[in-house]
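Asks: Structure supplied as structure-v3.cif; contents: mmCIF, C-alpha atoms.
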```cif
data_protein
#
loop_
_atom_site.label_atom_id
_atom_site.label_comp_id
_atom_site.auth_asym_id
_atom_site.auth_seq_id
_atom_site.Cartn_x
_atom_site.Cartn_y
_atom_site.Cartn_z
CA MET A 1 0.00 0.00 0.00
CA SER A 2 1.51 3.34 -0.99
CA PHE A 3 0.33 6.92 -1.01
CA LEU A 4 3.22 8.30 -3.07
CA PRO A 5 1.23 8.79 -6.31
CA ALA A 6 -1.16 11.15 -4.53
CA ILE A 7 1.64 13.35 -3.17
CA GLU A 8 3.40 15.96 -5.24
CA ALA A 9 7.16 15.95 -5.08
CA PRO A 10 8.87 19.03 -3.69
CA GLY A 11 9.72 21.87 -6.00
CA PRO A 12 13.06 22.33 -7.69
CA ALA A 13 16.09 20.92 -5.94
CA SER A 14 17.13 24.42 -4.90
CA GLN A 15 13.88 24.81 -2.88
CA ALA A 16 13.83 21.35 -1.26
CA VAL A 17 15.67 20.04 1.78
CA GLN A 18 18.56 17.89 0.69
CA SER A 19 18.78 14.54 2.45
CA ALA A 20 21.72 12.54 3.75
CA GLY A 21 19.75 9.36 3.12
CA ARG A 22 20.67 6.94 0.36
CA ALA A 23 18.31 5.25 -2.07
CA ASN A 24 18.33 1.63 -0.87
CA PHE A 25 15.03 0.51 -2.40
CA GLU A 26 13.96 1.80 -5.80
CA LEU A 27 10.24 2.45 -6.34
CA TRP A 28 9.69 4.08 -9.73
CA GLY A 29 11.12 7.03 -11.58
CA ASP A 30 13.06 9.25 -9.19
CA TYR A 31 11.42 7.84 -6.05
CA SER A 32 13.00 5.43 -3.58
CA LEU A 33 13.11 4.47 0.11
CA SER A 34 16.07 4.83 2.40
CA ASP A 35 14.87 2.49 5.21
CA PRO A 36 12.29 0.15 3.66
CA VAL A 37 12.36 -2.22 6.66
CA PHE A 38 9.93 0.12 8.45
CA LEU A 39 7.24 -0.87 5.96
CA LEU A 40 6.93 -4.08 8.02
CA LEU A 41 5.18 -1.94 10.63
CA ILE A 42 2.16 -1.62 8.34
CA PRO A 43 0.87 -5.23 8.68
CA LEU A 44 1.77 -5.11 12.39
CA ALA A 45 -0.30 -1.94 12.82
CA LEU A 46 -3.26 -3.54 11.02
CA LEU A 47 -3.09 -6.56 13.32
CA LEU A 48 -2.96 -4.38 16.44
CA VAL A 49 -5.97 -2.34 15.36
CA ALA A 50 -7.94 -5.48 14.49
CA TRP A 51 -6.99 -7.06 17.84
CA GLY A 52 -8.06 -3.88 19.68
CA ARG A 53 -11.45 -3.85 18.01
CA ALA A 54 -12.01 -7.54 18.72
CA ARG A 55 -11.10 -7.05 22.37
CA GLY A 56 -13.44 -4.07 22.64
CA GLY A 57 -16.24 -6.13 21.10
CA ARG A 58 -15.77 -8.91 23.64
CA ALA A 59 -15.82 -6.40 26.49
CA ARG A 60 -19.05 -4.88 25.29
CA GLY A 61 -20.57 -8.38 25.05
CA ARG A 62 -20.05 -8.89 28.80
CA VAL A 63 -21.89 -5.67 29.70
CA PRO A 64 -25.72 -5.93 29.92
CA MET A 65 -27.19 -3.66 27.30
CA LEU A 66 -30.68 -2.58 26.45
CA PRO A 67 -32.17 -4.04 23.30
CA LEU A 68 -31.07 -1.94 20.33
CA ALA A 69 -33.62 -0.16 18.25
CA ALA A 70 -34.32 -1.59 14.89
CA ALA A 71 -32.87 1.47 13.12
CA ARG A 72 -29.20 2.33 13.71
CA SER A 73 -28.36 5.94 14.46
CA LEU A 74 -25.79 7.99 12.51
CA ARG A 75 -23.45 7.68 15.47
CA GLN A 76 -23.69 3.90 15.30
CA ARG A 77 -23.10 3.85 11.56
CA LEU A 78 -19.90 5.89 11.98
CA MET A 79 -18.45 3.74 14.74
CA PHE A 80 -15.76 2.36 12.33
CA LEU A 81 -14.18 5.78 11.67
CA PRO A 82 -11.75 5.93 14.65
CA SER A 83 -10.29 2.57 13.59
CA VAL A 84 -9.95 3.72 9.97
CA PHE A 85 -8.24 6.90 11.16
CA GLN A 86 -5.82 4.83 13.23
CA VAL A 87 -4.97 2.56 10.30
CA ILE A 88 -4.36 5.47 7.92
CA ALA A 89 -2.28 7.30 10.54
CA LEU A 90 -0.13 4.26 11.30
CA VAL A 91 0.43 3.56 7.58
CA LEU A 92 1.52 7.15 6.96
CA VAL A 93 3.88 7.09 9.95
CA ALA A 94 5.37 3.79 8.80
CA ILE A 95 5.96 5.24 5.31
CA SER A 96 7.60 8.32 6.80
CA LEU A 97 9.88 6.10 8.93
CA ALA A 98 10.84 4.25 5.72
CA ARG A 99 12.14 7.66 4.60
CA PRO A 100 10.86 8.21 1.07
CA LEU A 101 13.24 10.13 -1.14
CA ARG A 102 13.13 11.94 -4.44
CA GLY A 103 16.37 11.58 -6.35
CA ASN A 104 18.02 13.99 -8.73
CA VAL A 105 20.60 12.25 -10.92
CA GLN A 106 22.57 14.06 -13.59
CA ARG A 107 24.98 12.40 -16.00
CA ASN A 108 27.50 14.16 -18.18
CA VAL A 109 29.56 12.47 -20.88
CA VAL A 110 33.08 13.84 -21.04
CA SER A 111 35.12 13.28 -24.19
CA GLU A 112 38.47 14.56 -25.35
CA GLY A 113 36.93 14.68 -28.83
CA VAL A 114 38.12 14.06 -32.38
CA ASP A 115 38.40 16.63 -35.15
CA ILE A 116 38.10 14.97 -38.55
CA VAL A 117 38.78 16.36 -42.02
CA LEU A 118 37.19 14.30 -44.78
CA ALA A 119 39.14 14.84 -48.02
CA ILE A 120 37.46 13.52 -51.19
CA ASP A 121 38.90 13.30 -54.68
CA ARG A 122 36.57 14.73 -57.33
CA SER A 123 38.87 14.46 -60.32
CA GLY A 124 37.61 13.30 -63.71
CA SER A 125 38.54 9.66 -63.13
CA MET A 126 35.97 9.47 -60.34
CA ARG A 127 33.30 9.16 -63.06
CA PHE A 128 33.99 5.46 -63.64
CA ASP A 129 31.50 2.96 -62.22
CA ASP A 130 33.70 0.07 -61.11
CA LEU A 131 32.80 0.32 -57.40
CA GLU A 132 29.10 -0.23 -58.04
CA PRO A 133 27.55 -0.95 -61.45
CA GLY A 134 25.69 2.04 -62.87
CA VAL A 135 26.94 4.46 -60.17
CA ASN A 136 30.12 6.46 -60.56
CA ARG A 137 32.87 6.33 -57.96
CA LEU A 138 32.15 9.78 -56.58
CA GLU A 139 28.48 9.04 -55.85
CA VAL A 140 29.42 5.79 -54.09
CA VAL A 141 32.02 7.64 -52.01
CA LYS A 142 29.58 10.42 -51.09
CA ASP A 143 27.05 7.87 -49.87
CA VAL A 144 29.55 6.01 -47.69
CA VAL A 145 31.26 9.14 -46.38
CA GLY A 146 27.91 10.71 -45.53
CA ASP A 147 26.97 7.72 -43.36
CA PHE A 148 30.35 7.83 -41.62
CA ALA A 149 30.06 11.56 -40.92
CA GLU A 150 26.55 11.18 -39.51
CA ARG A 151 27.68 8.45 -37.12
CA ARG A 152 30.59 10.56 -35.89
CA MET A 153 28.54 13.74 -35.52
CA THR A 154 25.55 12.13 -33.78
CA ASP A 155 27.37 9.69 -31.53
CA ARG A 156 25.01 7.31 -29.68
CA GLU A 157 27.25 7.56 -26.62
CA GLY A 158 26.46 11.23 -26.32
CA ALA A 159 29.75 12.77 -27.44
CA ALA A 160 29.91 14.01 -31.05
CA ASP A 161 32.95 14.87 -33.16
CA ASN A 162 33.64 17.96 -35.25
CA VAL A 163 33.86 17.16 -38.96
CA ALA A 164 35.08 19.29 -41.86
CA LEU A 165 34.71 18.53 -45.57
CA LEU A 166 37.35 19.16 -48.24
CA SER A 167 37.26 18.19 -51.92
CA PHE A 168 40.11 18.29 -54.37
CA ALA A 169 41.15 17.72 -57.95
CA ARG A 170 44.00 19.95 -59.13
CA TYR A 171 43.09 22.43 -56.39
CA PRO A 172 41.72 21.74 -52.90
CA GLN A 173 38.59 23.47 -51.63
CA LEU A 174 37.34 23.59 -48.04
CA LEU A 175 33.60 23.18 -48.54
CA CYS A 176 32.53 22.96 -44.90
CA PRO A 177 34.60 24.07 -41.90
CA PHE A 178 34.40 22.13 -38.66
CA THR A 179 30.80 21.66 -37.59
CA LEU A 180 28.52 19.52 -35.45
CA ASP A 181 25.58 20.25 -37.75
CA VAL A 182 25.13 16.99 -39.64
CA ASP A 183 22.49 18.46 -41.94
CA ALA A 184 24.79 21.30 -43.01
CA LEU A 185 27.64 18.94 -43.80
CA ALA A 186 25.28 16.60 -45.68
CA GLY A 187 24.18 19.54 -47.82
CA PHE A 188 27.75 20.44 -48.75
CA LEU A 189 28.56 16.79 -49.45
CA GLU A 190 25.56 16.48 -51.75
CA ASP A 191 26.86 19.42 -53.80
CA VAL A 192 30.27 17.81 -54.44
CA ASP A 193 30.46 17.07 -58.16
CA LEU A 194 33.00 15.91 -60.69
CA VAL A 195 35.40 18.53 -61.97
CA ASP A 196 34.01 19.99 -65.22
CA ARG A 197 36.95 21.99 -66.54
CA ARG A 198 40.01 20.35 -67.99
CA GLU A 199 42.36 22.97 -66.53
CA GLU A 200 41.04 22.16 -63.06
CA ASP A 201 41.43 18.42 -63.43
CA GLY A 202 44.20 16.53 -61.69
CA THR A 203 44.97 14.65 -58.48
CA ALA A 204 46.74 16.97 -56.05
CA ILE A 205 47.15 14.64 -53.09
CA GLY A 206 50.01 16.56 -51.50
CA VAL A 207 48.34 19.96 -51.88
CA ALA A 208 45.02 18.62 -50.54
CA LEU A 209 46.70 17.07 -47.51
CA ALA A 210 48.59 20.29 -46.78
CA LYS A 211 45.28 22.18 -46.90
CA ALA A 212 43.68 19.68 -44.49
CA VAL A 213 46.63 20.05 -42.10
CA SER A 214 46.26 23.84 -42.13
CA VAL A 215 42.60 23.44 -41.19
CA LEU A 216 43.58 21.22 -38.26
CA ARG A 217 46.59 23.24 -37.12
CA ASP A 218 44.68 25.34 -34.60
CA SER A 219 42.47 22.51 -33.36
CA ALA A 220 42.45 21.91 -29.61
CA ALA A 221 41.14 18.35 -29.97
CA LYS A 222 43.15 15.54 -28.44
CA SER A 223 42.93 13.57 -31.68
CA LYS A 224 43.23 15.22 -35.11
CA ILE A 225 42.77 13.05 -38.18
CA VAL A 226 42.42 13.28 -41.95
CA VAL A 227 40.65 10.63 -43.99
CA LEU A 228 41.90 11.16 -47.54
CA LEU A 229 40.28 9.23 -50.39
CA THR A 230 41.48 9.14 -53.97
CA ASP A 231 41.32 6.89 -57.02
CA GLY A 232 44.67 7.83 -58.53
CA GLU A 233 48.27 8.83 -58.09
CA ASN A 234 49.52 12.32 -57.27
CA ASN A 235 50.18 14.31 -60.46
CA VAL A 236 50.41 17.86 -59.09
CA HIS A 237 53.85 18.53 -57.63
CA GLU A 238 53.68 21.95 -55.96
CA ILE A 239 53.61 20.05 -52.64
CA THR A 240 54.57 16.39 -52.70
CA PRO A 241 52.60 13.84 -50.65
CA THR A 242 55.72 13.11 -48.58
CA ALA A 243 56.26 16.78 -47.73
CA ALA A 244 52.60 17.14 -46.75
CA ALA A 245 52.83 14.00 -44.61
CA GLU A 246 55.88 15.36 -42.78
CA LEU A 247 53.96 18.58 -42.12
CA ALA A 248 51.04 16.56 -40.75
CA ALA A 249 53.33 14.57 -38.47
CA GLU A 250 54.82 17.79 -37.07
CA VAL A 251 51.45 19.06 -35.86
CA GLY A 252 50.17 15.68 -34.64
CA VAL A 253 47.72 14.93 -37.45
CA ARG A 254 47.10 11.26 -38.20
CA VAL A 255 46.18 10.46 -41.80
CA TYR A 256 44.19 7.50 -43.08
CA THR A 257 44.57 7.07 -46.84
CA ILE A 258 42.13 5.16 -49.06
CA TYR A 259 42.63 4.09 -52.66
CA ALA A 260 39.15 3.48 -54.05
CA ALA A 261 39.13 1.81 -57.48
CA ARG A 262 38.78 -1.68 -58.85
CA TYR A 263 40.44 -0.99 -62.22
CA VAL A 264 42.80 1.45 -63.87
CA TYR A 265 41.17 2.87 -67.02
CA VAL A 266 43.34 3.30 -70.09
CA HIS A 267 42.29 5.26 -73.17
CA ASP A 268 42.02 3.25 -76.36
CA PRO A 269 41.66 5.18 -79.67
CA PHE A 270 38.97 2.81 -80.89
CA ARG A 271 37.17 1.66 -77.72
CA GLY A 272 37.52 4.70 -75.48
CA TYR A 273 38.45 4.11 -71.85
CA VAL A 274 38.86 0.42 -71.04
CA PRO A 275 39.53 -1.12 -67.62
CA ARG A 276 42.87 -2.73 -66.97
CA THR A 277 43.75 -4.94 -64.03
CA GLY A 278 47.14 -5.10 -62.41
CA GLU A 279 49.16 -3.62 -59.61
CA VAL A 280 48.69 0.04 -58.81
CA ASP A 281 51.45 2.21 -57.36
CA THR A 282 50.08 3.15 -53.95
CA SER A 283 53.47 3.74 -52.36
CA GLU A 284 52.83 7.46 -51.77
CA LEU A 285 49.52 6.77 -50.03
CA ARG A 286 51.17 4.10 -47.91
CA GLY A 287 54.00 6.48 -47.08
CA ILE A 288 51.59 9.20 -45.90
CA ALA A 289 49.86 6.76 -43.55
CA GLU A 290 53.16 5.40 -42.23
CA LEU A 291 54.70 8.83 -41.58
CA THR A 292 51.63 10.08 -39.66
CA GLY A 293 50.73 6.95 -37.68
CA GLY A 294 47.65 6.21 -39.75
CA ARG A 295 46.80 3.31 -42.05
CA PHE A 296 46.42 2.69 -45.76
CA PHE A 297 43.33 0.95 -47.18
CA ARG A 298 42.26 -0.29 -50.61
CA ALA A 299 38.61 -0.46 -51.66
CA ILE A 300 37.47 -2.34 -54.74
CA ASP A 301 33.70 -2.00 -54.26
CA LYS A 302 31.12 -0.23 -52.11
CA GLU A 303 31.00 -3.01 -49.52
CA SER A 304 34.75 -2.92 -48.91
CA LEU A 305 34.65 0.90 -48.76
CA GLU A 306 31.95 0.77 -46.07
CA GLY A 307 34.07 -1.71 -44.15
CA ILE A 308 37.07 0.63 -44.31
CA TYR A 309 35.19 3.59 -42.86
CA THR A 310 33.74 1.33 -40.16
CA GLU A 311 37.26 0.20 -39.27
CA ILE A 312 38.53 3.78 -39.13
CA GLU A 313 35.61 4.62 -36.87
CA ALA A 314 36.61 1.80 -34.51
CA LEU A 315 40.26 2.92 -34.51
CA GLU A 316 39.33 6.49 -33.59
CA ARG A 317 37.19 5.90 -30.53
CA THR A 318 38.28 8.46 -27.95
CA GLU A 319 37.71 7.83 -24.29
CA ARG A 320 34.24 8.64 -23.00
CA ARG A 321 33.90 9.13 -19.23
CA GLU A 322 30.54 9.44 -17.53
CA GLN A 323 30.30 11.84 -14.63
CA ARG A 324 27.37 11.03 -12.34
CA PHE A 325 26.01 13.53 -9.84
CA GLU A 326 23.34 12.29 -7.44
CA GLU A 327 21.45 14.08 -4.68
CA THR A 328 18.32 13.10 -2.75
CA PHE A 329 15.56 15.08 -1.05
CA ASP A 330 13.41 13.95 1.90
CA LEU A 331 9.69 13.41 1.40
CA TYR A 332 8.86 12.07 4.87
CA PRO A 333 7.28 15.37 6.11
CA LEU A 334 4.57 14.86 3.48
CA PHE A 335 3.59 11.63 5.26
CA LEU A 336 4.55 12.24 8.89
CA LEU A 337 2.58 15.44 9.50
CA PRO A 338 -0.70 14.17 7.99
CA GLY A 339 -0.20 10.88 9.87
CA LEU A 340 0.13 12.66 13.22
CA LEU A 341 -2.89 14.85 12.50
CA ILE A 342 -5.04 11.88 11.51
CA TYR A 343 -3.91 9.93 14.59
CA GLY A 344 -4.87 12.94 16.75
CA LEU A 345 -8.28 12.93 15.06
CA ALA A 346 -8.67 9.20 15.84
CA TRP A 347 -7.76 9.79 19.50
CA LEU A 348 -10.14 12.78 19.75
CA SER A 349 -12.99 10.76 18.22
CA SER A 350 -12.40 7.82 20.59
CA SER A 351 -12.41 10.21 23.57
CA THR A 352 -15.59 12.09 22.62
CA TRP A 353 -18.44 11.11 20.33
CA ALA A 354 -17.19 7.55 19.65
CA ARG A 355 -16.04 6.77 23.16
CA ARG A 356 -18.65 4.12 23.90
CA LEU A 357 -18.52 2.64 20.43
CA ALA A 358 -14.78 2.43 19.74
#
```
What would you get if you wrote out this structure as structure tokens?
Replies:
Amino acid sequence: MSFLPAIEAPGPASQAVQSAGRANFELWGDYSLSDPVFLLLIPLALLLVAWGRARGGRARGRVPMLPLAAARSLRQRLMFLPSVFQVIALVLVAISLARPLRGNVQRNVVSEGVDIVLAIDRSGSMRFDDLEPGVNRLEVVKDVVGDFAERRMTDREGAADNVALLSFARYPQLLCPFTLDVDALAGFLEDVDLVDRREEDGTAIGVALAKAVSVLRDSAAKSKIVVLLTDGENNVHEITPTAAAELAAEVGVRVYTIYAARYVYVHDPFRGYVPRTGEVDTSELRGIAELTGGRFFRAIDKESLEGIYTEIEALERTERREQRFEETFDLYPLFLLPGLLIYGLAWLSSSTWARRLA
């Protein structure tokens, strides 16, 4: 038997009396009991009241009484009230002795955080559809990268990462600076398209990496990473991939490099571009990863590309620490005071109008 649902909890924690009691028996929501053993007094109180009424009935049976009138008076019909008052009072007192509490628990997730620059190749060769039939490489990459960014920016553990987006062909372009707004980044990612001017075409891996490092240079995050994806070899030499990697290592940027292509396409005068299998020179991409403490990956289809980004996500899990603050507030006055008043009413009734009937 509980009267907690009928009682409003105290106001804000700043207006309530903080308790030294601990929640030893959970009830529901924020409510608990500190000393639940006192609830055993409730059945004991019921037995004592029942025994008292039975004893009083036997005593009245030994006293000669006049025959009762056929109709019972109002006073006779209310003879049970003192006992009901006693039961209610004893139950409320027992609940107050059990020390009901309202808890206030706050949890904060603390994370050192990760700042991530996603660098995507948009050169002309990204138009080939060898990662997924009927879909060019760039569209496949945008789909996979978008899912990765959303997971990092809306972390289920409660601590999100800042993500920036950079695209490159012959020239790099920072499309979206660091943000936690997943919708904004998704919008910029959707607008990434294949290079449409021949003079802008190329694969400037070194220049793009240097640009990503400059974006991360002033970051205060504990972990700073670049995920650089391309489908070709560096062919713009203003900044070599090795020089850019050394710059990244100096400022503590870790670089994950991804080569995303199943075939190398060679131009044939009669058949156009035709796929060719064979070994691809990925030594520069491997060197970037090795110099910066990252890893090199090779994707040959959409499934393997998804697996690569999932693996990078697992490698870059920064420590999450939960800080838990708990305080409790006493509710026993809400039960004790009404219990004492009702018990006083039971005693007053037994001493006055219900004296002969109790």
Asks: Find, counting all atoms listed in the file, the residue in A:Asp115, A:Asp121, A:Glu279, A:Glu250 that gets nearest to Arg152 in chain A.
Replies: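 The shortest atom-to-atom distance to Arg152 in chain A comes from A:Asp115.
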Asks: Please expand the PyMOL selection byres ((chain A and resi 236) around 12) into the concrete residues it hits in this file, giving the result as a PyMOL selection string.
Replies: chain A and resi 168-172+200-208+232-235+237-241
Asks: Excluding same-chain residues fewer than 4 positions from Ala149 in chain A, what lies within 8 Å of it counting all atoms listed in the file, as a PDB file with C-alpha atoms, keeping the file's coordinate frame?
Replies:
```pdb
ATOM      1  CA  VAL A 145      31.260   9.140 -46.380  1.00  0.00           C
ATOM      2  CA  MET A 153      28.540  13.740 -35.520  1.00  0.00           C
ATOM      3  CA  VAL A 163      33.860  17.160 -38.960  1.00  0.00           C
ATOM      4  CA  VAL A 182      25.130  16.990 -39.640  1.00  0.00           C
TER       5      VAL A 182
END
```
Asks: Just how far from CA of Arg127 in chain A is CA of Val274 in chain A, in Å to one decimal?
Replies: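 CA of Arg127 in chain A lies at a distance of 13.1 Å from CA of Val274 in chain A.
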Asks: What do you get, as a PyMOL selection string, if you spell out every residue that the PyMOL selection byres ((chain A and resi 86) around 12) selects here?
Replies: chain A and resi 42+45-50+52-53+80-85+87-93+338-350+358
Asks: With only C-alpha atoms as the counted atoms, please give the residues lying no more than 7 Å from range 285-292 of chain A, apart from itself and same-chain residues fewer than 4 positions off, as a compact mmCIF listing (two decimals) with C-alpha atoms, in the frame of the given file.
Replies:
```
# COMPACT_ATOMS: atom_id res chain seq x y z
CA PRO A 241 52.60 13.84 -50.65
CA THR A 242 55.72 13.11 -48.58
CA ALA A 245 52.83 14.00 -44.61
CA GLU A 246 55.88 15.36 -42.78
CA ALA A 248 51.04 16.56 -40.75
CA ALA A 249 53.33 14.57 -38.47
CA VAL A 253 47.72 14.93 -37.45
CA ARG A 254 47.10 11.26 -38.20
CA VAL A 255 46.18 10.46 -41.80
CA TYR A 256 44.19 7.50 -43.08
CA THR A 257 44.57 7.07 -46.84
CA PHE A 296 46.42 2.69 -45.76
```
Asks: Here's the selection I'm unsure about, the PyMOL selection byres ((chain A and resi 222) around 9); applied to the file above, which residues does it give, as a PyMOL selection string?
Replies: chain A and resi 112-115+219-221+223-224+318
Asks: Find the spatial neighbours of Asp301 in chain A, counting all atoms listed in the file, within a cut-off of 10 Å - ignore same-chain residues fewer than 3 positions away - and output them as an MDAnalysis selection string.
Replies: chainID A and resid 129:133 137 140 260:262 298 304:306
Asks: Using only C-alpha atoms, which residue out of A:Ser123, A:Asn24, A:Ser96, A:Thr230 lies closest to Leu39 in chain A?
Replies: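 Nearest candidate to Leu39 in chain A out of A:Ser123, A:Asn24, A:Ser96, A:Thr230: A:Ser96.
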Asks: In terms of the shortest atom-to-atom distance over all atoms listed in the file, which of A:Arg276, A:Lys142, A:Arg151, A:Arg102 is closest to Tyr31 in chain A?
Replies: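 The answer is A:Arg102, which sits nearest to Tyr31 in chain A.
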Asks: Sorted by chain and rising residue number, list the residues of range 114-202 of chain A at most 12 Å from range 213-217 of chain A (counting all atoms listed in the file), each with its closest atom pair and distance in Å to one decimal, as a tab-separated table.
Replies:
```
residue	atom	partner	partner_atom	distance
A:Val114	CA	A:Leu216	CA	10.8
A:Asp115	CA	A:Leu216	CA	7.6
A:Ile116	CA	A:Leu216	CA	8.3
A:Val117	CA	A:Leu216	CA	7.8
A:Leu118	CA	A:Val215	CA	11.2
A:Ala119	CA	A:Val213	CA	10.9
A:Asn162	CA	A:Leu216	CA	10.9
A:Val163	CA	A:Leu216	CA	10.6
A:Ala164	CA	A:Val215	CA	8.6
A:Leu165	CA	A:Val215	CA	10.3
A:Leu166	CA	A:Val215	CA	9.8
A:Pro172	CA	A:Val215	CA	11.9
A:Gln173	CA	A:Val215	CA	11.2
A:Leu174	CA	A:Val215	CA	8.6
A:Leu175	CA	A:Val215	CA	11.6
A:Cys176	CA	A:Val215	CA	10.7
A:Pro177	CA	A:Val215	CA	8.1
A:Phe178	CA	A:Val215	CA	8.7
```
Asks: Output C-alpha atoms for every residue in that selection, as a PDB file, in the coordinates of the input.
Replies:
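Dumped everything to out.pdb:
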```pdb
ATOM      1  CA  VAL A 114      38.120  14.060 -32.380  1.00  0.00           C
ATOM      2  CA  ASP A 115      38.400  16.630 -35.150  1.00  0.00           C
ATOM      3  CA  ILE A 116      38.100  14.970 -38.550  1.00  0.00           C
ATOM      4  CA  VAL A 117      38.780  16.360 -42.020  1.00  0.00           C
ATOM      5  CA  LEU A 118      37.190  14.300 -44.780  1.00  0.00           C
ATOM      6  CA  ALA A 119      39.140  14.840 -48.020  1.00  0.00           C
ATOM      7  CA  ASN A 162      33.640  17.960 -35.250  1.00  0.00           C
ATOM      8  CA  VAL A 163      33.860  17.160 -38.960  1.00  0.00           C
ATOM      9  CA  ALA A 164      35.080  19.290 -41.860  1.00  0.00           C
ATOM     10  CA  LEU A 165      34.710  18.530 -45.570  1.00  0.00           C
ATOM     11  CA  LEU A 166      37.350  19.160 -48.240  1.00  0.00           C
ATOM     12  CA  PRO A 172      41.720  21.740 -52.900  1.00  0.00           C
ATOM     13  CA  GLN A 173      38.590  23.470 -51.630  1.00  0.00           C
ATOM     14  CA  LEU A 174      37.340  23.590 -48.040  1.00  0.00           C
ATOM     15  CA  LEU A 175      33.600  23.180 -48.540  1.00  0.00           C
ATOM     16  CA  CYS A 176      32.530  22.960 -44.900  1.00  0.00           C
ATOM     17  CA  PRO A 177      34.600  24.070 -41.900  1.00  0.00           C
ATOM     18  CA  PHE A 178      34.400  22.130 -38.660  1.00  0.00           C
TER      19      PHE A 178
END
```
Asks: Mind pulling up the distance from CA of Leu334 in chain A to CA of Asp35 in chain A?
Replies: 16.2 Å
Asks: One decimal, in Å: what's the spacing between CA of Asp147 in chain A and CA of Glu190 in chain A?
Replies: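 Interatomic distance here is 12.2 Å.
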Asks: Tell me which of A:Leu331, A:Ile300, A:Ile308, A:Leu229 sits closest to Tyr263 in chain A, counting all atoms listed in the file.
Replies: A:Ile300
Asks: How would you write as a PyMOL selection string the residues that get within 9 Å of (25.3, 10.8, -53.1) in the file's frame, counting all atoms listed in the file?
Replies: chain A and resi 138-144+146+189-192
Asks: Check the smallest atom-to-atom distance from each of A:Tyr273, A:Ile120, A:Leu41, A:Gly134 to Ala94 in chain A using all atoms listed in the file, then report the winner.
Replies: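 The shortest atom-to-atom distance to Ala94 in chain A comes from A:Leu41.
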Asks: Between A:Leu336, A:Ile258, A:Leu78, A:Ala212, single out the one closest to Glu284 in chain A, counting only C-alpha atoms.
Replies: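 So, comparing all the options, the nearest one is A:Ile258.
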Asks: Using all atoms of range 275-286 of chain A listed in the file and a margin of 5 Å per side, can you give the axis-aligned box centre and edge lengths in Å to one decimal, as lines of an AutoDock Vina configuration file?
Replies:
```
center_x = 46.5
center_y = 1.2
center_z = -57.8
size_x = 23.9
size_y = 22.6
size_z = 29.7
```
